[in-house]
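Undergrad: Questions regarding the structure given below will be posed in turn.
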Amino acid sequence: MKSVLVIGMGRFGRHLASKMLELGNDVMVVDKNAEIVERFSGRFTDSYIGDCTNEQVVKALVANNFDLYFVSIGEDFQSSLVITSLLKQFGAKKVIAKANQDIQHDLLIKIGADEVIYPEREVAETLAIRYNQQNIFDYIKLSGEYSICEIPVVRDWIGKAIITIDVRNKHHVNIIAIKQDDVLQPIPGANYVFRENDHIVLIGRNEDIFKLTSK
């Protein structure tokens with residue numbers, strides 16, 4: 001369990017805070033708009049109304065020594081810069097800030113953000129991969145070259161064991177799970193025999209995974 005501070009209660013901030021709560025973390029949410037904080041007070045019992053561009057507000061929040069600090073302000077980038085800078089100035093452990101453009105990413109990194117995320121870009125890239133490539137149910141980008149993908153079982157593999165197909169050497173990917181009717185079996189053994197309705201979760205280079213999806 002981690003202690004998490006989410007600054008900015010827009011759509012992204014709300015979804016992020018809700019998921020962190022669902023995963024069992026201690027979450028505090030902050031927004032300068034009293035109406036927004038009050039509207040979601042039933043969901044987020046640990047909440048605070050305050051302007052985090054104010055040094056004293058940020059200093060008081062950092063004194064709580066959260067594990068993670070999310071700056072999820074999307075519309076007012078100047079405020080995002082100021083808040084990120086103040087968080088690091090007062091000793092925040094790890095600050096993750098939201099950006100919409102490359103120049104915002106560069107500026108946030110320069111003033112001390114530990115990580116910068118592009119929610120809209122990441123969703124767009126995932127959708128593009130899923131709908132451009134045939135037979136991809138889910139896609140998680142690991143780097144520019146590697147990813148994790150969920151694909152249907154390759155037709156020629158049905159009825160054969162993993163060790164017989166020699167997936168790693170012949171196809172240069174690793175099978176990390178098998179999914180059957182939404183039940184996930186992680187790290188299947190070498191003797192696992194593929195079934196018709198299997199979904200395979202693979203990790204590997206994009207080009208090698210895409211070759212399999214075209215079979």
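The way I read the labels, and the way they are meant: chains A, B, ... in the order of the structure tokens, residue 1 as the first residue of every chain, and ligand 1 as the first ligand shown, with later ones counted on from there.
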Would you mind writing down, as a ChimeraX atom specification, each residue of chain A that DSSP on the backbone assigns to strand (DSSP E)?
TA: /A:3-7,26-31,47-49,68-71,95-98,115-117,138-141,146-152,173-180,183-186,199-205
Undergrad: With a distance cut-off of 6 Å and only C-alpha atoms, select the neighbouring residues of range 28-30 of chain A, excluding the residue or stretch itself and same-chain residues fewer than 6 positions from it, and output the selection as an MDAnalysis selection string.
TA: chainID A and resid 5:7 46:49
Undergrad: What lies within 9 Å of Asn174 in chain A using only C-alpha atoms, ignoring chain neighbours under 3 positions off, as a PyMOL selection string?
TA: chain A and resi 167-168+171+201-204
Undergrad: Which residue gives the smallest distance to Gln180 in chain A among A:Asp166, A:Glu35, A:Asp208, A:Glu150, with only C-alpha atoms counted?
TA: A:Glu150
Undergrad: Would you compute the distance between CA of Glu55 in chain A and CA of Val71 in chain A? Give it in Å to one decimal.
TA: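 Computing the Euclidean distance for CA of Glu55 in chain A and CA of Val71 in chain A yields 15.1 Å.
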Undergrad: Identify, on the basis of only C-alpha atoms, every residue whose closest approach to Gly8 in chain A does not exceed 6 Å; exclude the query and any residue fewer than 6 positions from it along the same chain; express the result as a ChimeraX atom specification.
TA: /A:31,72-73
Undergrad: Keeping only all heavy atoms, write the selected residues to a file as a short mmCIF file (atom, residue, chain, number, x, y, z; two decimals), in the first residue's frame.
TA:
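Below is the file that was written, result03.cif:
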```cif
data_model
loop_
_atom_site.label_atom_id
_atom_site.label_comp_id
_atom_site.auth_asym_id
_atom_site.auth_seq_id
_atom_site.Cartn_x
_atom_site.Cartn_y
_atom_site.Cartn_z
N ASP A 31 -7.83 20.11 -4.82
CA ASP A 31 -8.21 20.99 -5.93
C ASP A 31 -8.56 22.35 -5.32
O ASP A 31 -9.04 22.43 -4.18
CB ASP A 31 -9.41 20.43 -6.70
CG ASP A 31 -9.54 21.03 -8.09
OD1 ASP A 31 -9.96 22.21 -8.19
OD2 ASP A 31 -9.21 20.34 -9.07
N SER A 72 -1.95 16.44 -11.87
CA SER A 72 -2.83 16.03 -12.98
C SER A 72 -3.60 17.20 -13.57
O SER A 72 -4.72 17.04 -14.05
CB SER A 72 -3.79 14.93 -12.51
OG SER A 72 -4.60 15.41 -11.46
N ILE A 73 -3.01 18.39 -13.53
CA ILE A 73 -3.65 19.58 -14.08
C ILE A 73 -3.43 19.61 -15.58
O ILE A 73 -2.29 19.53 -16.06
CB ILE A 73 -3.07 20.86 -13.43
CG1 ILE A 73 -3.36 20.83 -11.92
CG2 ILE A 73 -3.64 22.11 -14.08
CD1 ILE A 73 -2.64 21.89 -11.14
#
```
Undergrad: Show me a table, sorted first by chain and then by increasing residue number, of the residues of range 114-201 of chain A having an atom at most 12 Å from range 74-77 of chain A, each with its shortest atom pair and the distance in Å to one decimal, counting only C-alpha atoms and written as a Markdown table.
TA:
```
| residue | atom | partner | partner_atom | distance |
| --- | --- | --- | --- | --- |
| A:Ile117 | CA | A:Gly74 | CA | 11.3 |
| A:Tyr118 | CA | A:Gly74 | CA | 10.3 |
| A:Pro119 | CA | A:Gly74 | CA | 10.3 |
| A:Glu120 | CA | A:Gly74 | CA | 10.7 |
```
Undergrad: Those selected residues, please, written with N, CA and C atoms and delivered as a CSV table (one decimal), in the first residue's frame.
TA:
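Wrote out_22.csv, looks like this:
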```
chain,number,residue,atom,x,y,z
A,117,ILE,N,3.9,12.0,-17.9
A,117,ILE,CA,3.0,11.1,-18.7
A,117,ILE,C,2.1,11.9,-19.7
A,118,TYR,N,1.8,11.2,-20.8
A,118,TYR,CA,0.9,11.8,-21.8
A,118,TYR,C,-0.3,10.9,-21.9
A,119,PRO,N,-1.3,11.0,-21.1
A,119,PRO,CA,-2.5,10.1,-21.1
A,119,PRO,C,-3.1,10.0,-22.4
A,120,GLU,N,-3.4,11.2,-23.1
A,120,GLU,CA,-4.1,11.2,-24.4
A,120,GLU,C,-3.3,10.5,-25.4
```
Undergrad: May I ask for the distance between CA of Ile209 in chain A and CA of Arg155 in chain A, given in Å to one decimal place?
TA: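 Computing the Euclidean distance for CA of Ile209 in chain A and CA of Arg155 in chain A yields 14.9 Å.
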Undergrad: List the neighbours of Val82 in chain A out to 8 Å using only C-alpha atoms; skip same-chain residues closer than 4 positions along the sequence, and give me the result as a list in words.
TA: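 With the cut-off at 8 Å, the set is Thr53, Gln78 and Leu86 of chain A.
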Undergrad: So which one's closest to Glu145 in chain A, A:Phe210, A:Tyr131, A:Pro186, A:Ile83? Using only C-alpha atoms, please.
TA: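 Using only C-alpha atoms, Glu145 in chain A sits closest to A:Phe210.
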Undergrad: Point out the residue among A:Lys170, A:Lys141, A:Arg43, A:Lys93 with the least atom-to-atom distance to Ala17 in chain A, counting only C-alpha atoms.
TA: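 Distance minimum relative to Ala17 in chain A lands on A:Arg43.
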Undergrad: Within 12 Å of Leu142 in chain A, counting only C-alpha atoms, which residues qualify if same-chain residues fewer than 4 places away don't, as a compact mmCIF listing (two decimals) with N, CA and C atoms, in the first residue's frame?
TA:
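Listing of result_22.txt after writing:
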```txt
# COMPACT_ATOMS: atom_id res chain seq x y z
N GLU A 122 -0.89 8.26 -25.02
CA GLU A 122 -0.74 6.84 -24.76
C GLU A 122 -2.00 6.07 -25.14
N THR A 126 -2.21 3.26 -28.20
CA THR A 126 -2.73 1.92 -27.95
C THR A 126 -3.88 1.59 -28.89
N TYR A 146 9.53 -2.63 -27.83
CA TYR A 146 8.97 -3.80 -27.17
C TYR A 146 7.59 -3.50 -26.59
N SER A 147 6.78 -4.54 -26.52
CA SER A 147 5.44 -4.39 -25.96
C SER A 147 4.93 -5.72 -25.43
N ILE A 148 3.81 -5.64 -24.71
CA ILE A 148 3.06 -6.83 -24.29
C ILE A 148 1.74 -6.81 -25.04
N CYS A 149 1.39 -7.91 -25.67
CA CYS A 149 0.16 -7.96 -26.46
C CYS A 149 -0.65 -9.21 -26.11
N ILE A 203 5.20 -11.18 -24.70
CA ILE A 203 6.10 -10.05 -24.58
C ILE A 203 7.21 -10.23 -25.60
N GLY A 204 7.54 -9.17 -26.30
CA GLY A 204 8.58 -9.27 -27.32
C GLY A 204 8.68 -8.01 -28.16
N ARG A 205 9.47 -8.09 -29.20
CA ARG A 205 9.60 -6.96 -30.11
C ARG A 205 8.33 -6.83 -30.93
N ASN A 206 7.94 -5.60 -31.20
CA ASN A 206 6.70 -5.36 -31.93
C ASN A 206 6.67 -6.10 -33.26
```
Undergrad: Which residue out of A:Asn197, A:Thr84, A:Gln134, A:Gln89 has the minimum interatomic distance to His105 in chain A when only C-alpha atoms are used?
TA: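 Of A:Asn197, A:Thr84, A:Gln134, A:Gln89, the one nearest His105 in chain A is A:Thr84, counting only C-alpha atoms.
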Undergrad: Quick one: residues within 12 Å of Asn54 in chain A, only C-alpha atoms, excluding same-chain residues fewer than 2 positions away - as an MDAnalysis selection string?
TA: chainID A and resid 32 50:52 56:61 79 82:87
Undergrad: Keeping N, CA and C atoms for every residue in the selection just given, could you write it to a file as a tab-separated table (two decimals), in the first residue's frame?
TA:
```tsv
chain	number	residue	atom	x	y	z
A	32	LYS	N	-8.31	23.40	-6.08
A	32	LYS	CA	-8.62	24.75	-5.57
A	32	LYS	C	-10.10	25.09	-5.72
A	50	GLY	N	-7.53	23.73	-1.82
A	50	GLY	CA	-6.39	24.62	-1.70
A	50	GLY	C	-5.73	24.88	-3.03
A	51	ASP	N	-5.07	26.00	-3.15
A	51	ASP	CA	-4.36	26.41	-4.36
A	51	ASP	C	-2.90	25.97	-4.21
A	52	CYS	N	-2.52	24.97	-4.97
A	52	CYS	CA	-1.17	24.41	-4.83
A	52	CYS	C	-0.10	25.23	-5.53
A	56	GLN	N	2.90	27.85	0.84
A	56	GLN	CA	2.55	27.33	2.15
A	56	GLN	C	1.64	26.11	2.06
A	57	VAL	N	0.77	26.12	1.06
A	57	VAL	CA	-0.12	24.97	0.85
A	57	VAL	C	0.71	23.74	0.48
A	58	VAL	N	1.63	23.92	-0.48
A	58	VAL	CA	2.46	22.79	-0.92
A	58	VAL	C	3.37	22.31	0.21
A	59	LYS	N	3.95	23.23	0.93
A	59	LYS	CA	4.83	22.85	2.04
A	59	LYS	C	4.09	21.99	3.06
A	60	ALA	N	2.86	22.37	3.36
A	60	ALA	CA	2.06	21.60	4.32
A	60	ALA	C	1.72	20.21	3.78
A	61	LEU	N	1.43	20.12	2.48
A	61	LEU	CA	1.10	18.83	1.88
A	61	LEU	C	2.32	17.90	1.85
A	79	SER	N	0.40	26.66	-14.02
A	79	SER	CA	0.18	26.18	-12.65
A	79	SER	C	0.85	24.83	-12.45
A	82	VAL	N	4.53	25.44	-11.83
A	82	VAL	CA	4.77	26.01	-10.51
A	82	VAL	C	4.62	24.94	-9.43
A	83	ILE	N	3.56	24.16	-9.52
A	83	ILE	CA	3.28	23.13	-8.51
A	83	ILE	C	4.37	22.06	-8.50
A	84	THR	N	4.76	21.62	-9.69
A	84	THR	CA	5.82	20.61	-9.79
A	84	THR	C	7.11	21.11	-9.16
A	85	SER	N	7.47	22.35	-9.49
A	85	SER	CA	8.68	22.95	-8.94
A	85	SER	C	8.62	23.05	-7.42
A	86	LEU	N	7.48	23.49	-6.88
A	86	LEU	CA	7.33	23.63	-5.43
A	86	LEU	C	7.39	22.28	-4.72
A	87	LEU	N	6.77	21.29	-5.31
A	87	LEU	CA	6.80	19.95	-4.71
A	87	LEU	C	8.23	19.46	-4.53
```
